[in-house]
file upload39.pdb (PDB, C-alpha atoms)
MODEL        1
ATOM      1  CA  MET A   5      96.449 121.875 135.596
ATOM      2  CA  LEU A   6      97.295 120.824 132.036
ATOM      3  CA  LEU A   7      95.024 122.050 129.239
ATOM      4  CA  SER A   8      93.219 119.306 127.301
ATOM      5  CA  ARG A   9      94.745 120.535 124.044
ATOM      6  CA  LEU A  10      98.290 120.260 125.410
ATOM      7  CA  ALA A  11      97.551 116.880 126.983
ATOM      8  CA  ALA A  12      96.399 115.565 123.590
ATOM      9  CA  THR A  13      99.480 116.996 121.891
ATOM     10  CA  VAL A  14     102.016 115.384 124.227
ATOM     11  CA  PHE A  15      99.998 112.134 124.180
ATOM     12  CA  TRP A  16     100.230 111.967 120.387
ATOM     13  CA  PHE A  17     103.840 113.073 120.406
ATOM     14  CA  GLY A  18     104.593 110.029 122.562
ATOM     15  CA  ARG A  19     102.659 107.803 120.165
ATOM     16  CA  TYR A  20     104.326 109.156 117.035
ATOM     17  CA  VAL A  21     107.883 108.784 118.361
ATOM     18  CA  GLU A  22     107.180 105.209 119.446
ATOM     19  CA  ARG A  23     105.505 104.415 116.120
ATOM     20  CA  ALA A  24     108.446 105.782 114.148
ATOM     21  CA  GLU A  25     110.930 103.707 116.147
ATOM     22  CA  ASP A  26     108.896 100.519 115.885
ATOM     23  CA  ILE A  27     108.324 100.810 112.127
ATOM     24  CA  ALA A  28     112.008 101.487 111.506
ATOM     25  CA  ARG A  29     113.013  98.599 113.766
ATOM     26  CA  ALA A  30     110.606  96.140 112.111
ATOM     27  CA  VAL A  31     111.604  97.100 108.565
ATOM     28  CA  ALA A  32     115.332  96.880 109.365
ATOM     29  CA  ALA A  33     114.876  93.417 110.891
ATOM     30  CA  HIS A  34     112.858  92.275 107.860
ATOM     31  CA  GLU A  35     115.625  93.460 105.545
ATOM     32  CA  ARG A  36     118.240  91.500 107.514
ATOM     33  CA  LEU A  37     115.975  88.453 107.512
ATOM     34  CA  CYS A  38     115.699  88.530 103.716
ATOM     35  CA  LEU A  39     119.506  88.580 103.495
ATOM     36  CA  ASP A  40     119.801  85.568 105.827
ATOM     37  CA  LEU A  41     117.401  83.339 103.888
ATOM     38  CA  PRO A  42     117.665  81.757 100.420
ATOM     39  CA  PRO A  43     115.665  83.813  97.878
ATOM     40  CA  GLU A  44     113.058  81.078  97.463
ATOM     41  CA  HIS A  45     112.306  81.138 101.203
ATOM     42  CA  ALA A  46     112.580  84.883 101.817
ATOM     43  CA  PRO A  47     109.330  86.393 103.161
ATOM     44  CA  SER A  48     107.343  88.858 101.089
ATOM     45  CA  TRP A  49     107.611  92.573 101.802
ATOM     46  CA  ARG A  50     103.872  93.143 101.411
ATOM     47  CA  PRO A  51     102.829  92.132 104.962
ATOM     48  CA  LEU A  52     104.831  95.099 106.286
ATOM     49  CA  LEU A  53     102.206  97.383 104.774
ATOM     50  CA  THR A  54      99.915  96.546 107.696
ATOM     51  CA  LEU A  55     102.295  98.446 110.011
ATOM     52  CA  SER A  56     100.944 101.778 108.781
ATOM     53  CA  ALA A  57      97.510 103.182 108.081
ATOM     54  CA  GLY A  58      96.469 103.876 104.502
ATOM     55  CA  ALA A  59      95.457 102.043 101.362
ATOM     56  CA  PRO A  60      97.867  99.129 100.783
ATOM     57  CA  ASP A  61      97.541  99.545  97.005
ATOM     58  CA  GLY A  62      99.367 102.865  97.202
ATOM     59  CA  TRP A  63     102.807 101.253  97.116
ATOM     60  CA  ARG A  64     102.402  99.689  93.674
ATOM     61  CA  GLY A  65     104.560 100.946  90.855
ATOM     62  CA  ARG A  66     106.725 103.194  93.065
ATOM     63  CA  GLY A  67     109.940 101.219  92.881
ATOM     64  CA  ALA A  68     112.035  98.940  90.692
ATOM     65  CA  SER A  69     111.244  95.944  92.922
ATOM     66  CA  GLU A  70     108.686  94.951  95.527
ATOM     67  CA  GLN A  71     111.211  95.716  98.273
ATOM     68  CA  GLU A  72     111.985  99.182  96.975
ATOM     69  CA  ALA A  73     108.308  99.983  96.333
ATOM     70  CA  VAL A  74     107.258  98.962  99.847
ATOM     71  CA  LEU A  75     110.189 100.790 101.448
ATOM     72  CA  ARG A  76     109.408 104.003  99.587
ATOM     73  CA  PHE A  77     105.748 103.759 100.544
ATOM     74  CA  LEU A  78     106.469 102.986 104.218
ATOM     75  CA  LEU A  79     109.376 105.344 104.746
ATOM     76  CA  THR A  80     109.387 108.404 102.500
ATOM     77  CA  ASP A  81     106.059 108.722 100.640
ATOM     78  CA  ALA A  82     104.893 112.282 101.369
ATOM     79  CA  ASP A  83     101.379 111.428 100.086
ATOM     80  CA  HIS A  84     100.998 108.539 102.543
ATOM     81  CA  SER A  85      99.893 109.706 105.993
ATOM     82  CA  GLY A  86     101.259 106.529 107.592
ATOM     83  CA  SER A  87     104.791 106.796 106.191
ATOM     84  CA  LEU A  88     107.746 107.236 108.504
ATOM     85  CA  PHE A  89     108.380 110.657 106.964
ATOM     86  CA  ALA A  90     104.811 111.793 107.720
ATOM     87  CA  ILE A  91     104.889 110.352 111.244
ATOM     88  CA  LEU A  92     108.131 112.150 112.138
ATOM     89  CA  GLY A  93     106.674 115.310 110.608
ATOM     90  CA  ARG A  94     103.631 115.149 112.890
ATOM     91  CA  ALA A  95     105.812 114.355 115.910
ATOM     92  CA  ARG A  96     107.929 117.398 115.027
ATOM     93  CA  GLU A  97     104.885 119.674 114.854
ATOM     94  CA  ASP A  98     103.531 118.328 118.147
ATOM     95  CA  LEU A  99     106.911 118.925 119.750
ATOM     96  CA  ARG A 100     107.000 122.456 118.362
ATOM     97  CA  ALA A 101     103.644 123.144 120.049
ATOM     98  CA  THR A 102     104.849 121.785 123.396
ATOM     99  CA  ARG A 103     108.457 122.996 123.466
ATOM    100  CA  PRO A 104     108.018 124.748 126.855
ATOM    101  CA  LEU A 105     107.088 121.376 128.394
ATOM    102  CA  VAL A 106     109.750 119.149 126.824
ATOM    103  CA  PRO A 107     113.561 119.353 127.182
ATOM    104  CA  LYS A 108     115.217 121.557 124.550
ATOM    105  CA  GLU A 109     117.587 118.773 123.473
ATOM    106  CA  THR A 110     114.607 116.706 122.355
ATOM    107  CA  TRP A 111     113.764 119.191 119.617
ATOM    108  CA  GLN A 112     117.332 119.152 118.317
ATOM    109  CA  THR A 113     117.447 115.354 118.206
ATOM    110  CA  LEU A 114     114.082 114.889 116.522
ATOM    111  CA  ASN A 115     114.588 117.731 114.061
ATOM    112  CA  THR A 116     117.935 116.277 112.943
ATOM    113  CA  ALA A 117     116.310 112.886 112.260
ATOM    114  CA  TYR A 118     113.443 114.510 110.367
ATOM    115  CA  LEU A 119     115.762 116.583 108.176
ATOM    116  CA  ALA A 120     117.886 113.520 107.365
ATOM    117  CA  LEU A 121     114.804 111.575 106.274
ATOM    118  CA  SER A 122     113.546 114.598 104.350
ATOM    119  CA  ASP A 123     116.790 114.656 102.378
ATOM    120  CA  ILE A 124     116.463 110.979 101.536
ATOM    121  CA  ALA A 125     112.835 111.490 100.476
ATOM    122  CA  ARG A 126     114.061 113.681  97.619
ATOM    123  CA  SER A 127     116.043 110.752  96.188
ATOM    124  CA  PRO A 128     114.888 107.541  97.903
ATOM    125  CA  THR A 129     117.284 104.921  96.543
ATOM    126  CA  LEU A 130     117.142 101.423  98.019
ATOM    127  CA  GLU A 131     120.573 101.771  99.635
ATOM    128  CA  ARG A 132     119.732 105.083 101.314
ATOM    129  CA  LEU A 133     116.375 103.792 102.537
ATOM    130  CA  VAL A 134     118.014 100.827 104.250
ATOM    131  CA  LEU A 135     120.849 102.838 105.786
ATOM    132  CA  VAL A 136     118.576 105.444 107.403
ATOM    133  CA  LEU A 137     116.645 102.900 109.486
ATOM    134  CA  PRO A 138     119.205 102.442 112.321
ATOM    135  CA  GLU A 139     119.584 106.235 112.478
ATOM    136  CA  VAL A 140     115.847 106.684 113.012
ATOM    137  CA  VAL A 141     115.767 104.010 115.726
ATOM    138  CA  ALA A 142     118.734 105.603 117.512
ATOM    139  CA  SER A 143     117.204 109.092 117.309
ATOM    140  CA  CYS A 144     113.869 107.921 118.725
ATOM    141  CA  GLN A 145     115.624 106.102 121.550
ATOM    142  CA  GLN A 146     117.635 109.243 122.290
ATOM    143  CA  VAL A 147     114.433 111.302 122.427
ATOM    144  CA  THR A 148     112.929 108.810 124.878
ATOM    145  CA  ALA A 149     116.055 108.886 127.044
ATOM    146  CA  GLN A 150     116.157 112.688 127.081
ATOM    147  CA  ILE A 151     112.516 112.887 128.121
ATOM    148  CA  THR A 152     112.843 110.196 130.791
ATOM    149  CA  GLY A 153     116.002 111.664 132.261
ATOM    150  CA  THR A 154     115.356 115.414 132.167
ATOM    151  CA  MET A 155     111.612 116.110 131.887
ATOM    152  CA  THR A 156     109.633 116.921 135.016
ATOM    153  CA  HIS A 157     107.427 113.944 135.882
ATOM    154  CA  ASP A 158     104.172 115.886 135.924
ATOM    155  CA  GLU A 159     100.855 115.451 134.106
ATOM    156  CA  ALA A 160     102.413 116.251 130.728
ATOM    157  CA  TYR A 161     104.969 113.509 131.299
ATOM    158  CA  ARG A 162     102.247 111.067 132.291
ATOM    159  CA  PHE A 163     100.237 111.722 129.130
ATOM    160  CA  LEU A 164     103.382 111.307 127.050
ATOM    161  CA  ARG A 165     104.112 107.950 128.673
ATOM    162  CA  LEU A 166     100.482 106.995 128.207
ATOM    163  CA  GLY A 167     100.829 107.547 124.468
ATOM    164  CA  ARG A 168     104.199 105.805 124.269
ATOM    165  CA  TYR A 169     103.123 102.565 125.955
ATOM    166  CA  LEU A 170      99.754 102.428 124.219
ATOM    167  CA  GLU A 171     101.501 102.743 120.852
ATOM    168  CA  ARG A 172     104.171 100.220 121.800
ATOM    169  CA  ALA A 173     101.510  97.651 122.632
ATOM    170  CA  ASP A 174      99.660  98.397 119.391
ATOM    171  CA  MET A 175     102.789  98.069 117.233
ATOM    172  CA  LEU A 176     103.910  94.883 118.980
ATOM    173  CA  LEU A 177     100.590  93.267 118.166
ATOM    174  CA  ARG A 178     100.689  94.528 114.568
ATOM    175  CA  VAL A 179     104.106  92.952 114.040
ATOM    176  CA  THR A 180     102.933  89.778 115.747
ATOM    177  CA  THR A 181      99.839  89.406 113.570
ATOM    178  CA  ILE A 182     101.832  89.533 110.330
ATOM    179  CA  ALA A 183     103.913  86.533 111.416
ATOM    180  CA  ALA A 184     102.273  83.702 109.478
ATOM    181  CA  VAL A 185     104.565  81.217 111.258
ATOM    182  CA  PHE A 186     102.119  81.325 114.202
ATOM    183  CA  GLU A 187      99.693  79.302 112.134
ATOM    184  CA  ALA A 188     102.149  76.510 111.359
ATOM    185  CA  GLY A 189      99.775  74.030 113.032
ATOM    186  CA  GLY A 190     102.606  72.221 114.799
ATOM    187  CA  THR A 191     104.403  71.341 111.549
ATOM    188  CA  PRO A 192     107.858  72.948 111.320
ATOM    189  CA  ARG A 193     108.316  75.148 108.258
ATOM    190  CA  PRO A 194     111.597  75.599 106.366
ATOM    191  CA  PHE A 195     113.825  78.021 108.268
ATOM    192  CA  GLU A 196     111.118  78.550 110.903
ATOM    193  CA  ASP A 197     113.807  79.207 113.498
ATOM    194  CA  VAL A 198     115.302  81.986 111.367
ATOM    195  CA  LEU A 199     111.869  83.488 110.751
ATOM    196  CA  TRP A 200     111.180  83.646 114.480
ATOM    197  CA  MET A 201     114.605  85.143 115.084
ATOM    198  CA  GLY A 202     113.743  87.882 112.591
ATOM    199  CA  LEU A 203     110.408  88.537 114.280
ATOM    200  CA  LEU A 204     111.968  88.802 117.726
ATOM    201  CA  LYS A 205     114.695  91.117 116.442
ATOM    202  CA  GLY A 206     112.049  93.284 114.788
ATOM    203  CA  LEU A 207     110.517  93.785 118.225
ATOM    204  CA  GLY A 208     113.816  94.314 120.033
ATOM    205  CA  ALA A 209     113.182  91.093 121.921
ATOM    206  CA  TYR A 210     115.653  88.514 120.579
ATOM    207  CA  GLN A 211     118.482  88.878 123.106
ATOM    208  CA  MET A 212     116.167  89.021 126.117
ATOM    209  CA  TYR A 213     114.238  85.978 124.875
ATOM    210  CA  ARG A 214     117.533  84.084 124.548
ATOM    211  CA  ARG A 215     118.504  84.896 128.137
ATOM    212  CA  ASN A 216     115.728  82.604 129.374
ATOM    213  CA  ASN A 217     115.226  80.215 126.447
ATOM    214  CA  HIS A 218     117.988  78.183 124.868
ATOM    215  CA  GLY A 219     118.126  75.990 121.783
ATOM    216  CA  ARG A 220     115.677  76.197 118.908
ATOM    217  CA  ILE A 221     113.134  79.002 119.158
ATOM    218  CA  HIS A 222     109.803  77.544 120.238
ATOM    219  CA  PRO A 223     106.824  79.440 118.725
ATOM    220  CA  GLU A 224     104.550  79.055 121.754
ATOM    221  CA  ARG A 225     107.259  80.205 124.167
ATOM    222  CA  ALA A 226     108.157  83.157 121.972
ATOM    223  CA  PHE A 227     104.498  84.132 121.688
ATOM    224  CA  ALA A 228     104.075  83.936 125.470
ATOM    225  CA  PHE A 229     107.245  85.964 126.003
ATOM    226  CA  LEU A 230     106.120  88.760 123.680
ATOM    227  CA  LEU A 231     102.680  89.002 125.203
ATOM    228  CA  ALA A 232     102.959  88.122 128.868
ATOM    229  CA  ASP A 233     106.499  88.482 130.266
ATOM    230  CA  GLU A 234     106.081  91.455 132.624
ATOM    231  CA  ARG A 235     109.858  91.748 133.068
ATOM    232  CA  PHE A 236     110.382  92.573 129.384
ATOM    233  CA  PRO A 237     109.607  96.296 128.810
ATOM    234  CA  ARG A 238     108.247  95.789 125.306
ATOM    235  CA  SER A 239     105.813  92.965 126.112
ATOM    236  CA  LEU A 240     102.086  93.579 125.830
ATOM    237  CA  ASN A 241     101.378  93.029 129.509
ATOM    238  CA  HIS A 242     104.213  95.295 130.626
ATOM    239  CA  CYS A 243     102.870  98.067 128.373
ATOM    240  CA  VAL A 244      99.345  97.622 129.718
ATOM    241  CA  THR A 245     100.684  97.731 133.275
ATOM    242  CA  GLN A 246     102.422 101.036 132.541
ATOM    243  CA  VAL A 247      99.274 102.477 130.966
ATOM    244  CA  SER A 248      97.276 101.438 134.048
ATOM    245  CA  ARG A 249      99.883 103.003 136.318
ATOM    246  CA  GLU A 250      99.661 106.366 134.554
ATOM    247  CA  LEU A 251      95.856 106.283 134.475
ATOM    248  CA  ARG A 252      95.714 105.760 138.237
ATOM    249  CA  SER A 253      97.688 108.998 138.626
ATOM    250  CA  LEU A 254      95.428 111.023 136.313
ATOM    251  CA  PRO A 255      91.951 112.460 137.008
ATOM    252  CA  ASN A 256      89.157 110.024 136.060
ATOM    253  CA  GLY A 257      91.744 107.431 135.080
ATOM    254  CA  SER A 258      90.256 104.739 137.298
ATOM    255  CA  ALA A 259      87.211 104.672 135.015
ATOM    256  CA  LEU A 260      89.422 103.286 132.253
ATOM    257  CA  LEU A 261      91.019 100.428 134.169
ATOM    258  CA  ASP A 262      88.419  97.912 132.946
ATOM    259  CA  HIS A 263      89.565  98.658 129.397
ATOM    260  CA  CYS A 264      93.134  97.956 130.499
ATOM    261  CA  ARG A 265      92.173  94.627 132.029
ATOM    262  CA  ALA A 266      90.543  93.630 128.731
ATOM    263  CA  CYS A 267      93.917  94.070 127.005
ATOM    264  CA  VAL A 268      95.896  91.767 129.308
ATOM    265  CA  ALA A 269      97.123  88.607 127.591
ATOM    266  CA  GLN A 270      96.766  85.102 128.993
ATOM    267  CA  PRO A 271      98.755  82.884 126.593
ATOM    268  CA  ARG A 272      97.544  79.737 128.347
ATOM    269  CA  ASP A 273      94.146  80.497 126.788
ATOM    270  CA  VAL A 274      95.577  80.217 123.281
ATOM    271  CA  VAL A 275      94.726  76.901 121.636
ATOM    272  CA  PRO A 276      96.942  75.530 118.814
ATOM    273  CA  GLY A 277      96.372  77.387 115.576
ATOM    274  CA  SER A 278      94.637  80.367 117.210
ATOM    275  CA  ALA A 279      97.595  82.585 118.105
ATOM    276  CA  MET A 280      96.977  84.977 115.214
ATOM    277  CA  ALA A 281      93.308  85.378 116.127
ATOM    278  CA  TYR A 282      94.222  85.881 119.792
ATOM    279  CA  ALA A 283      96.706  88.634 118.915
ATOM    280  CA  GLU A 284      94.072  90.324 116.741
ATOM    281  CA  GLU A 285      91.612  90.271 119.668
ATOM    282  CA  ARG A 286      94.178  91.979 121.896
ATOM    283  CA  LEU A 287      94.858  94.508 119.127
ATOM    284  CA  ALA A 288      91.150  95.357 118.970
ATOM    285  CA  ALA A 289      91.104  95.769 122.761
ATOM    286  CA  ILE A 290      94.084  98.164 122.576
ATOM    287  CA  GLY A 291      92.201 100.165 119.951
ATOM    288  CA  GLU A 292      89.157 100.406 122.242
ATOM    289  CA  LEU A 293      91.384 101.527 125.122
ATOM    290  CA  GLY A 294      92.856 104.271 122.951
ATOM    291  CA  GLU A 295      89.382 105.486 121.958
ATOM    292  CA  ALA A 296      88.278 105.491 125.597
ATOM    293  CA  ILE A 297      91.317 107.560 126.633
ATOM    294  CA  GLU A 298      90.583 110.119 123.916
ATOM    295  CA  ASN A 299      86.892 110.316 124.888
ATOM    296  CA  VAL A 300      87.706 110.917 128.554
ATOM    297  CA  TYR A 301      90.536 113.417 128.170
ATOM    298  CA  PHE A 302      90.484 114.975 124.704
ATOM    299  CA  ALA A 303      86.916 114.964 123.421
TER     300      ALA A 303
ENDMDL
END
call {"tool": "encode", "arguments": {"input": "upload39.pdb", "output": "structure tokens"}}
result
Amino acid sequence: MLLSRLAATVFWFGRYVERAEDIARAVAAHERLCLDLPPEHAPSWRPLLTLSAGAPDGWRGRGASEQEAVLRFLLTDADHSGSLFAILGRAREDLRATRPLVPKETWQTLNTAYLALSDIARSPTLERLVLVLPEVVASCQQVTAQITGTMTHDEAYRFLRLGRYLERADMLLRVTTIAAVFEAGGTPRPFEDVLWMGLLKGLGAYQMYRRNNHGRIHPERAFAFLLADERFPRSLNHCVTQVSRELRSLPNGSALLDHCRACVAQPRDVVPGSAMAYAEERLAAIGELGEAIENVYFA
């Protein structure tokens, strides 16, 4: 039997690693998108602030440009609890507390990524901030692979997966809700296709979307793919399915399945112009599911 304290620790370790990967992936894709577009059509960096908790005003005045200020705030600001540096720090401490449960190689991989980001935090130039992003994504993916391939699939593993997929669903919806192109109202915007390409790349979904959809990216199809395609492992519905699967294997988990069903997306219910609001509703439902899980297992 797993102690509640350890269950909470591995649950949050799973969430923190997933959050770190998703923030790094989204910021890297946004940076590439800004390079692909003419300056007058490049998207603002400010919407990325919604990817992390904390006061959005905290980024002001911390860089030579808006890009540098936002990157410093999101990635290396030690005073910001939602920065990538702080998130990896908490994941590292959670892993330290659960080292007997998790493969030894996982500590080495995560600690190396944390120390690299810590070094950059001492002198966070724009070039160094951009270059560290792929390294963070690769390290988080390596941690996930090590856990999946070599950790015993017991209750600790189930709570870790529970945290990972809950966080993945939450971050997918956060990235989705900052995409103002959803509210285009049927009128194509300049470079809308490039904007959607950037969004899909930020979610690790571009190549898989292209396997089934050819030609110009269609907003409604992309939205449906991100939310409802069960075959894609980063879609909302796939994540909810995985959360439900783990809950069925845990004590008292069946009591939370109604919360899971409330999170499932039905894109056919989305009327034109309401995609943003629909994504926000699903995000609120994911938040309620997370609170319910904590009340049942960790309170």
call {"tool": "residues_around", "arguments": {"input": "upload39.pdb", "residues": "range 230-244 of chain A", "least_positions_apart": "6", "cutoff": "9 Å", "atoms": "only C-alpha atoms", "output": "list in words"}}
result
Arg168, Tyr169, Leu170, Glu171, Arg172, Ala173, Asp174, Leu176, Leu177, Thr180, Leu204, Leu207, Gly208, Ala209, Met212, Tyr213, Cys264, Arg265, Cys267, Val268, Ala269, Gln270, Pro271, Ala283, Arg286 and Ile290 of chain A
call {"tool": "residues_around", "arguments": {"input": "upload39.pdb", "residues": "Pro255 in chain A", "least_positions_apart": "5", "cutoff": "12 Å", "atoms": "all atoms listed in the file", "output": "list in words"}}
result
Met5, Leu6, Ser8, Glu159, Arg162, Phe163, Glu250, Leu260, Ile297, Val300 and Tyr301 of chain A
call {"tool": "resolve_selection", "arguments": {"input": "upload39.pdb", "expression": "the PyMOL selection byres ((chain A and resi 106) around 10)", "output": "list in words"}}
result
Val14, Leu99, Arg100, Ala101, Thr102, Arg103, Pro104, Leu105, Pro107, Lys108, Glu109, Thr110, Trp111, Gln150, Ile151, Thr154, Met155, Thr156, Ala160 and Tyr161 of chain A
call {"tool": "closest_residue", "arguments": {"input": "upload39.pdb", "among": "A:Leu133, A:Val31, A:Leu203, A:Leu166", "to": "Glu72 in chain A", "atoms": "only C-alpha atoms"}}
result
A:Leu133
call {"tool": "axis_aligned_box", "arguments": {"input": "upload39.pdb", "around": "range 196-212 of chain A", "padding_each_side": "3 Å", "output": "AutoDock Vina command-line options"}}
result
--center_x 114.4 --center_y 86.4 --center_z 118.4 --size_x 14.1 --size_y 21.8 --size_z 21.4
call {"tool": "closest_residue", "arguments": {"input": "upload39.pdb", "among": "A:Phe17, A:Phe77, A:Phe229, A:Trp49", "to": "Arg96 in chain A", "atoms": "only C-alpha atoms"}}
result
A:Phe17
call {"tool": "decode", "arguments": {"input": "upload39.pdb", "residues": "range 21-36 of chain A", "atoms": "N, CA and C atoms", "output": "compact mmCIF listing (two decimals), in the first residue's frame"}}
result
# COMPACT_ATOMS: atom_id res chain seq x y z
N VAL A 21 7.01 17.48 -14.50
CA VAL A 21 7.81 17.11 -15.66
C VAL A 21 7.03 17.40 -16.94
N GLU A 22 5.76 17.06 -16.96
CA GLU A 22 4.93 17.33 -18.14
C GLU A 22 4.79 18.83 -18.36
N ARG A 23 4.61 19.59 -17.30
CA ARG A 23 4.46 21.04 -17.42
C ARG A 23 5.73 21.67 -17.98
N ALA A 24 6.87 21.23 -17.48
CA ALA A 24 8.14 21.77 -17.97
C ALA A 24 8.31 21.49 -19.46
N GLU A 25 8.02 20.27 -19.88
CA GLU A 25 8.15 19.94 -21.31
C GLU A 25 7.21 20.78 -22.16
N ASP A 26 5.97 20.92 -21.72
CA ASP A 26 4.97 21.61 -22.53
C ASP A 26 5.25 23.11 -22.63
N ILE A 27 5.72 23.71 -21.55
CA ILE A 27 6.08 25.14 -21.60
C ILE A 27 7.26 25.33 -22.55
N ALA A 28 8.29 24.51 -22.41
CA ALA A 28 9.46 24.64 -23.27
C ALA A 28 9.08 24.42 -24.74
N ARG A 29 8.23 23.45 -24.99
CA ARG A 29 7.81 23.16 -26.37
C ARG A 29 7.02 24.34 -26.96
N ALA A 30 6.09 24.90 -26.18
CA ALA A 30 5.26 25.99 -26.66
C ALA A 30 6.08 27.25 -26.92
N VAL A 31 7.01 27.56 -26.02
CA VAL A 31 7.84 28.75 -26.19
C VAL A 31 8.77 28.60 -27.39
N ALA A 32 9.35 27.42 -27.58
CA ALA A 32 10.23 27.19 -28.73
C ALA A 32 9.47 27.34 -30.04
N ALA A 33 8.25 26.81 -30.09
CA ALA A 33 7.44 26.92 -31.30
C ALA A 33 7.05 28.37 -31.57
N HIS A 34 6.77 29.12 -30.51
CA HIS A 34 6.41 30.54 -30.68
C HIS A 34 7.61 31.32 -31.22
N GLU A 35 8.79 30.98 -30.75
CA GLU A 35 9.99 31.67 -31.23
C GLU A 35 10.22 31.40 -32.71
N ARG A 36 10.02 30.14 -33.13
CA ARG A 36 10.17 29.81 -34.55
C ARG A 36 9.10 30.50 -35.39
